[in-house]
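entry-v2.cif (mmCIF, C-alpha atoms) appears below.
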```cif
data_target
#
loop_
_atom_site.label_atom_id
_atom_site.label_comp_id
_atom_site.auth_asym_id
_atom_site.auth_seq_id
_atom_site.Cartn_x
_atom_site.Cartn_y
_atom_site.Cartn_z
CA MET G 24 -14.47 -46.55 -62.40
CA GLU G 25 -16.03 -48.19 -59.34
CA ALA G 26 -14.58 -45.53 -57.00
CA ARG G 27 -15.98 -42.77 -59.21
CA GLU G 28 -19.41 -44.40 -59.26
CA ASP G 29 -19.32 -44.73 -55.46
CA ARG G 30 -18.35 -41.07 -55.14
CA GLU G 31 -21.12 -39.97 -57.51
CA ALA G 32 -23.66 -42.07 -55.61
CA ARG G 33 -22.51 -40.57 -52.31
CA GLU G 34 -22.70 -37.04 -53.70
CA ALA G 35 -26.18 -37.68 -55.08
CA ARG G 36 -27.29 -39.00 -51.72
CA GLU G 37 -25.91 -35.96 -49.91
CA ALA G 38 -27.58 -33.63 -52.41
CA ARG G 39 -30.91 -35.38 -51.89
CA ARG G 40 -30.48 -35.23 -48.12
CA ALA G 41 -29.80 -31.49 -48.28
CA PHE G 42 -32.86 -30.98 -50.50
CA LEU G 43 -35.09 -32.91 -48.09
CA ALA G 44 -33.64 -31.12 -45.07
CA GLY G 45 -34.41 -27.70 -46.51
CA ARG G 46 -37.95 -28.60 -47.56
CA LEU G 47 -38.66 -30.34 -44.26
CA ALA G 48 -37.48 -27.32 -42.29
CA ALA G 49 -39.72 -25.06 -44.37
CA VAL G 50 -42.79 -27.24 -43.72
CA ARG G 51 -42.03 -27.41 -40.02
CA GLU G 52 -41.82 -23.62 -39.99
CA ARG G 53 -45.18 -23.39 -41.77
CA ILE G 54 -46.70 -25.65 -39.13
CA ALA G 55 -45.23 -23.58 -36.31
CA ASP G 56 -46.46 -20.33 -37.88
CA ALA G 57 -49.95 -21.75 -38.46
CA ALA G 58 -50.13 -23.05 -34.90
CA ARG G 59 -49.05 -19.69 -33.52
CA ALA G 60 -51.68 -17.91 -35.63
CA ALA G 61 -54.33 -20.26 -34.29
CA GLY G 62 -53.21 -19.82 -30.68
CA ARG G 63 -52.02 -23.41 -30.51
CA ASP G 64 -48.82 -25.16 -29.46
CA HIS G 65 -47.04 -26.55 -32.53
CA THR G 66 -45.97 -29.61 -30.53
CA GLU G 67 -49.65 -30.69 -30.55
CA ILE G 68 -49.43 -31.23 -34.32
CA THR G 69 -47.91 -34.36 -35.85
CA LEU G 70 -46.34 -34.08 -39.29
CA ILE G 71 -46.87 -37.20 -41.39
CA THR G 72 -44.42 -37.19 -44.29
CA VAL G 73 -46.08 -38.86 -47.27
CA THR G 74 -43.51 -40.80 -49.29
CA LYS G 75 -45.75 -42.39 -51.91
CA THR G 76 -43.90 -43.12 -55.18
CA TRP G 77 -40.54 -42.29 -53.57
CA PRO G 78 -37.99 -44.99 -52.67
CA ALA G 79 -37.17 -46.47 -49.29
CA GLU G 80 -33.83 -44.61 -49.42
CA ASP G 81 -35.75 -41.34 -49.07
CA VAL G 82 -37.51 -42.75 -46.01
CA ARG G 83 -34.13 -43.57 -44.48
CA LEU G 84 -32.84 -40.07 -45.22
CA LEU G 85 -35.95 -38.53 -43.69
CA ALA G 86 -35.60 -40.71 -40.60
CA GLY G 87 -32.10 -39.33 -40.21
CA LEU G 88 -33.62 -35.84 -40.28
CA GLY G 89 -35.95 -36.64 -37.42
CA VAL G 90 -39.06 -37.84 -39.27
CA ARG G 91 -40.91 -40.48 -37.27
CA ASP G 92 -44.31 -40.63 -38.99
CA VAL G 93 -44.51 -41.83 -42.60
CA GLY G 94 -47.60 -42.00 -44.79
CA GLU G 95 -48.33 -44.25 -47.76
CA ASN G 96 -51.44 -44.71 -49.90
CA GLN G 97 -50.73 -48.02 -51.67
CA ASP G 98 -50.19 -51.25 -49.78
CA GLN G 99 -47.72 -52.75 -52.24
CA GLN G 100 -45.34 -49.81 -51.83
CA ALA G 101 -46.00 -49.37 -48.13
CA SER G 102 -45.38 -52.98 -47.16
CA ALA G 103 -42.12 -53.08 -49.12
CA LYS G 104 -40.84 -49.84 -47.58
CA ALA G 105 -41.85 -50.87 -44.07
CA ALA G 106 -39.87 -54.08 -44.49
CA ALA G 107 -36.88 -52.25 -45.96
CA CYS G 108 -36.84 -49.78 -43.05
CA ALA G 109 -37.64 -52.25 -40.28
CA GLY G 110 -34.17 -51.96 -38.75
CA LEU G 111 -34.29 -48.20 -38.20
CA ALA G 112 -34.03 -46.99 -34.64
CA PRO G 113 -36.07 -45.38 -33.30
CA ALA G 114 -38.75 -47.19 -35.24
CA LEU G 115 -41.03 -45.36 -37.64
CA SER G 116 -44.80 -45.14 -37.34
CA TRP G 117 -46.49 -46.10 -40.60
CA HIS G 118 -49.77 -44.43 -41.59
CA PHE G 119 -51.93 -45.90 -44.33
CA ILE G 120 -53.71 -42.89 -45.81
CA GLY G 121 -55.19 -44.10 -49.11
CA GLN G 122 -58.47 -45.76 -49.93
CA LEU G 123 -58.17 -49.33 -48.75
CA GLN G 124 -59.63 -52.43 -50.33
CA SER G 125 -60.77 -55.05 -47.84
CA ASN G 126 -58.56 -57.73 -49.40
CA LYS G 127 -55.49 -55.62 -48.50
CA ALA G 128 -56.42 -55.48 -44.81
CA PRO G 129 -54.29 -58.52 -43.78
CA SER G 130 -51.17 -56.92 -45.22
CA VAL G 131 -51.85 -53.45 -43.80
CA ALA G 132 -52.53 -54.88 -40.34
CA ARG G 133 -49.01 -56.30 -40.25
CA TYR G 134 -47.12 -52.99 -40.52
CA ALA G 135 -49.45 -50.00 -40.09
CA ASP G 136 -49.81 -48.16 -36.81
CA MET G 137 -52.76 -46.10 -38.04
CA VAL G 138 -55.25 -46.44 -40.91
CA HIS G 139 -56.70 -43.06 -41.91
CA SER G 140 -59.33 -44.21 -44.40
CA VAL G 141 -61.88 -46.39 -42.59
CA ASP G 142 -65.20 -45.47 -44.18
CA ARG G 143 -67.44 -48.55 -44.30
CA ALA G 144 -68.55 -51.47 -42.15
CA SER G 145 -67.05 -54.13 -44.44
CA LEU G 146 -63.61 -52.58 -44.03
CA VAL G 147 -63.99 -52.51 -40.25
CA SER G 148 -64.79 -56.21 -40.37
CA ALA G 149 -61.81 -56.99 -42.60
CA LEU G 150 -59.39 -54.95 -40.47
CA GLY G 151 -60.75 -56.50 -37.29
CA LYS G 152 -60.18 -60.03 -38.55
CA ALA G 153 -56.73 -59.10 -39.85
CA ALA G 154 -55.72 -57.44 -36.57
CA GLU G 155 -56.75 -60.53 -34.61
CA ARG G 156 -54.74 -62.79 -36.92
CA ALA G 157 -51.77 -60.44 -36.61
CA GLY G 158 -51.94 -60.69 -32.81
CA ARG G 159 -52.59 -57.01 -32.20
CA ALA G 160 -54.41 -57.35 -28.90
CA GLU G 161 -51.77 -55.29 -27.08
CA ARG G 162 -50.70 -52.98 -29.93
CA GLU G 163 -54.09 -52.16 -31.35
CA LEU G 164 -54.45 -50.87 -34.90
CA ARG G 165 -55.55 -47.25 -34.60
CA CYS G 166 -58.41 -46.42 -36.96
CA LEU G 167 -59.48 -43.02 -38.22
CA ILE G 168 -62.92 -42.68 -39.74
CA GLN G 169 -62.65 -40.87 -43.05
CA VAL G 170 -65.44 -38.33 -43.32
CA SER G 171 -66.79 -37.14 -46.64
CA LEU G 172 -67.10 -33.35 -46.61
CA ASP G 173 -68.97 -33.10 -49.91
CA GLY G 174 -70.54 -36.49 -50.61
CA THR G 175 -68.68 -36.96 -53.89
CA ALA G 176 -68.63 -40.60 -54.93
CA GLY G 177 -65.23 -42.14 -55.55
CA ARG G 178 -63.29 -39.87 -53.19
CA GLY G 179 -63.84 -42.08 -50.17
CA GLY G 180 -65.31 -41.11 -46.84
CA ALA G 181 -68.38 -41.87 -44.79
CA HIS G 182 -71.34 -39.53 -44.44
CA PRO G 183 -71.05 -37.57 -41.18
CA ASP G 184 -74.20 -39.27 -39.88
CA GLU G 185 -72.47 -42.66 -40.22
CA VAL G 186 -69.45 -41.82 -38.10
CA LEU G 187 -70.81 -42.88 -34.71
CA ARG G 188 -72.09 -46.18 -36.10
CA LEU G 189 -68.71 -46.97 -37.61
CA ALA G 190 -66.98 -45.95 -34.38
CA ALA G 191 -69.12 -48.40 -32.43
CA LEU G 192 -68.18 -51.18 -34.86
CA ILE G 193 -64.48 -50.37 -34.53
CA ALA G 194 -64.67 -50.22 -30.74
CA GLY G 195 -66.33 -53.65 -30.72
CA ARG G 196 -63.47 -55.36 -32.55
CA PRO G 197 -60.51 -56.74 -30.58
CA GLY G 198 -57.27 -55.41 -32.02
CA LEU G 199 -58.80 -52.15 -33.26
CA THR G 200 -59.26 -48.82 -31.53
CA VAL G 201 -61.12 -45.65 -32.52
CA ALA G 202 -58.46 -42.96 -32.88
CA GLY G 203 -60.39 -40.09 -34.48
CA VAL G 204 -61.40 -38.69 -37.87
CA MET G 205 -59.75 -37.87 -41.20
CA ALA G 206 -60.88 -35.75 -44.13
CA VAL G 207 -59.68 -34.37 -47.43
CA ALA G 208 -60.86 -30.89 -48.40
CA PRO G 209 -62.97 -30.90 -51.58
CA PRO G 210 -61.22 -29.08 -54.43
CA GLN G 211 -64.18 -26.88 -55.31
CA GLU G 212 -64.38 -24.81 -52.10
CA PRO G 213 -62.07 -23.06 -49.62
CA ALA G 214 -60.36 -25.61 -47.40
CA GLY G 215 -61.12 -23.65 -44.24
CA GLU G 216 -64.87 -23.87 -44.84
CA ALA G 217 -64.66 -27.61 -45.46
CA PHE G 218 -62.52 -28.35 -42.41
CA ALA G 219 -64.89 -26.28 -40.27
CA ARG G 220 -67.57 -28.87 -41.04
CA LEU G 221 -65.31 -31.60 -39.70
CA ARG G 222 -65.04 -30.04 -36.24
CA PRO G 223 -68.60 -30.83 -35.04
CA VAL G 224 -68.26 -34.38 -36.36
CA ARG G 225 -65.12 -34.79 -34.31
CA GLU G 226 -66.79 -33.30 -31.22
CA ARG G 227 -69.70 -35.74 -31.46
CA LEU G 228 -67.24 -38.62 -31.77
CA LEU G 229 -65.28 -37.44 -28.74
CA GLY G 230 -68.51 -37.35 -26.75
CA GLU G 231 -68.83 -41.12 -27.09
CA HIS G 232 -65.15 -42.06 -27.53
CA PRO G 233 -63.02 -39.67 -25.43
CA GLY G 234 -59.81 -41.27 -26.66
CA ALA G 235 -60.55 -40.48 -30.32
CA VAL G 236 -58.53 -37.27 -30.27
CA VAL G 237 -56.92 -37.41 -33.71
CA MET G 238 -58.07 -35.06 -36.45
CA SER G 239 -56.09 -35.83 -39.61
CA ALA G 240 -56.58 -33.01 -42.10
CA GLY G 241 -54.46 -30.81 -44.30
CA MET G 242 -51.88 -31.49 -46.97
CA SER G 243 -49.16 -29.51 -48.74
CA GLY G 244 -51.52 -26.83 -50.04
CA ASP G 245 -53.93 -26.40 -47.15
CA LEU G 246 -52.19 -27.38 -43.92
CA GLU G 247 -52.65 -23.85 -42.49
CA ALA G 248 -56.43 -24.04 -42.88
CA ALA G 249 -56.47 -27.48 -41.28
CA ILE G 250 -54.43 -26.35 -38.29
CA ALA G 251 -56.72 -23.35 -37.82
CA ALA G 252 -59.66 -25.80 -37.75
CA GLY G 253 -58.01 -27.99 -35.09
CA ALA G 254 -56.06 -30.63 -37.01
CA THR G 255 -53.73 -32.73 -34.86
CA HIS G 256 -52.09 -34.50 -37.83
CA VAL G 257 -51.19 -33.08 -41.25
CA ARG G 258 -50.19 -35.21 -44.24
CA VAL G 259 -47.51 -33.57 -46.38
CA GLY G 260 -45.84 -35.08 -49.43
CA SER G 261 -44.83 -32.87 -52.35
CA ALA G 262 -43.91 -29.85 -50.21
CA ILE G 263 -41.16 -32.01 -48.68
CA LEU G 264 -40.19 -34.58 -51.31
CA GLY G 265 -40.89 -32.56 -54.44
CA HIS G 266 -42.85 -33.54 -57.52
CA ARG G 267 -41.94 -36.63 -59.46
CA PRO G 268 -41.46 -36.02 -63.21
CA PRO G 269 -44.14 -37.64 -65.40
CA ALA G 270 -43.33 -41.08 -66.76
CA PRO G 271 -42.09 -40.98 -70.37
CA LEU G 272 -44.65 -41.85 -72.99
CA PRO G 273 -44.14 -45.22 -74.76
CA HIS G 274 -42.61 -44.98 -78.23
#
```

Structure encoded using C-alpha cells:
Amino acid sequence: MEAREDREAREAREARRAFLAGRLAAVRERIADAARAAGRDHTEITLITVTKTWPAEDVRLLAGLGVRDVGENQDQQASAKAAACAGLAPALSWHFIGQLQSNKAPSVARYADMVHSVDRASLVSALGKAAERAGRAERELRCLIQVSLDGTAGRGGAHPDEVLRLAALIAGRPGLTVAGVMAVAPPQEPAGEAFARLRPVRERLLGEHPGAVVMSAGMSGDLEAAIAAGATHVRVGSAILGHRPPAPLPH
C-alpha cells in the first residue's frame, strides 16, 4: 500500500512538472514574440511567476524549470513559502506584488527582494523602519511605486503627480531603494492605452532617480501590450500555473 501511494505521489508530481513546463515554455515564447514585435531584446524582460494560492511544492518544481523570480500577493502565504524554499540553490527572488498593509511590513522586509505596491507615505515609513530592523543596509529592499492609471479607489496605486514625492521619501530611508514603477491596467479600457500613460511617469522618475529602471506591468492577459509599452518585468500566474477550482460551498 505504501509503495503504491509513493508511486502515485511521484507520478502526480511528474505530471504537474510536465504541465508547468509546457505552460512556462508557452509564456516564455509569448514574451520572446512580444519583444521581437516591439524591437526589443527578450533578455531585457524578467518573468515573475505568480504562485499565489499554489503550494510551495509548485515553487520548487518551477525552480527546477529555471524560474528565479516568484511573486506573491499575501504575506502569510509568501512568508511561509519563502521559508519552505529557503534551501533552494540558486536562491529565488521574492516579489511582493499585492496591496500591503503597513503592519505587514516587518514580515515582508525579512524575505522580499522587491515590493511592487508602494503607494503611500505611511507605507514608505513602515517599510523603512522594517528594513532597518532587518539589517538591510547592504541588501536594500527594492521598492516600486504603484501608479494608479484610472484613479479608482480600492485598486491601489498613487496618483501620477505623487510619484516623485514618494520616490524622494523612499530614497531618504536607509535600507530602501527606488527601483521603478508598477501598474495594473484598468479593466475598462485597452491595456495598451493604459500602459502608454505609465511611460511618461517612468521617464520623469528616471530623470531624478536614474537607477529606477524597473517598469512592472502586464499579466497573463496583457503581457504583450505591456512589453510594447516598455515593461521590464511581467507578472504571470494563471497562464503558467492554471486556474484553481472554486472552493466547494458549505453544506

**Prompt:** To one decimal place, how far is CA of Ala249 in chain G from CA of Ala105 in chain G in Å?
**Reply:**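 Distance between the two atoms: 27.7 Å.
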
Using all atoms listed in the file, what table do you get, as a Markdown table, when you list each residue of range 31-55 of chain G with an atom no more than 9 Å from range 256-269 of chain G, its nearest pair of atoms, and their distance in Å rounded to one decimal, rows by chain then rising number?
```
| residue | atom | partner | partner_atom | distance |
| --- | --- | --- | --- | --- |
| G:Phe42 | CA | G:Leu264 | CA | 8.2 |
| G:Leu43 | CA | G:Ile263 | CA | 6.2 |
| G:Ala44 | CA | G:Ile263 | CA | 8.4 |
| G:Gly45 | CA | G:Ile263 | CA | 8.3 |
| G:Arg46 | CA | G:Ile263 | CA | 4.8 |
| G:Leu47 | CA | G:Ile263 | CA | 5.3 |
| G:Ala48 | CA | G:Ile263 | CA | 8.7 |
| G:Ala49 | CA | G:Ile263 | CA | 8.3 |
| G:Val50 | CA | G:Ile263 | CA | 7.1 |
| G:Ile54 | CA | G:Val257 | CA | 8.9 |
```

Self-check item: Selection under test: the PyMOL selection byres ((chain G and resi 239) around 10); residues as a list in words
Solution: Ile68, Thr69, Leu70, Ile71, Ile120, His139, Leu167, Ile168, Gln169, Gly203, Val204, Met205, Ala206, Val207, Val236, Val237, Met238, Ala240, Gly241, Met242, Ala249, Ile250, Gly253, Ala254, Thr255, His256, Val257 and Arg258 of chain G

Min atom-atom distance to Leu150 in chain G from the set G:Leu199, G:Ala135, G:Leu189, G:Ala214, counting only C-alpha atoms, belongs to G:Leu199

Once you count only C-alpha atoms, what closest atom pair and distance in Å to one decimal does each residue of range 142-200 of chain G within 12 Å of range 228-231 of chain G have, with rows by chain and rising residue number, as a Markdown table?
```
| residue | atom | partner | partner_atom | distance |
| --- | --- | --- | --- | --- |
| G:Leu167 | CA | G:Leu228 | CA | 11.0 |
| G:Ile168 | CA | G:Leu228 | CA | 9.9 |
| G:Val170 | CA | G:Leu228 | CA | 11.7 |
| G:Pro183 | CA | G:Leu228 | CA | 10.2 |
| G:Asp184 | CA | G:Leu228 | CA | 10.7 |
| G:Glu185 | CA | G:Leu228 | CA | 10.7 |
| G:Val186 | CA | G:Leu228 | CA | 7.4 |
| G:Leu187 | CA | G:Leu228 | CA | 6.3 |
| G:Arg188 | CA | G:Leu228 | CA | 10.0 |
| G:Leu189 | CA | G:Leu228 | CA | 10.3 |
| G:Ala190 | CA | G:Leu228 | CA | 7.8 |
| G:Ala191 | CA | G:Glu231 | CA | 9.0 |
| G:Ala194 | CA | G:Glu231 | CA | 10.7 |
```

Could you please take those selected residues and save C-alpha atoms as an mmCIF file, in the coordinates of the input?
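As a result, part00.cif now contains:
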```
data_model
loop_
_atom_site.group_PDB
_atom_site.id
_atom_site.type_symbol
_atom_site.label_atom_id
_atom_site.label_comp_id
_atom_site.auth_asym_id
_atom_site.auth_seq_id
_atom_site.Cartn_x
_atom_site.Cartn_y
_atom_site.Cartn_z
ATOM 1 C CA LEU G 167 -59.480 -43.020 -38.220
ATOM 2 C CA ILE G 168 -62.920 -42.680 -39.740
ATOM 3 C CA VAL G 170 -65.440 -38.330 -43.320
ATOM 4 C CA PRO G 183 -71.050 -37.570 -41.180
ATOM 5 C CA ASP G 184 -74.200 -39.270 -39.880
ATOM 6 C CA GLU G 185 -72.470 -42.660 -40.220
ATOM 7 C CA VAL G 186 -69.450 -41.820 -38.100
ATOM 8 C CA LEU G 187 -70.810 -42.880 -34.710
ATOM 9 C CA ARG G 188 -72.090 -46.180 -36.100
ATOM 10 C CA LEU G 189 -68.710 -46.970 -37.610
ATOM 11 C CA ALA G 190 -66.980 -45.950 -34.380
ATOM 12 C CA ALA G 191 -69.120 -48.400 -32.430
ATOM 13 C CA ALA G 194 -64.670 -50.220 -30.740
#
```

As a check of understanding: the span from CA of Arg91 in chain G to CA of Ala114 in chain G is 7.3 Å

Atomic separation - CA of Gly198 in chain G relative to CA of Glu163 in chain G, Å
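Computing the Euclidean distance for CA of Glu163 in chain G and CA of Gly198 in chain G yields 4.6 Å.
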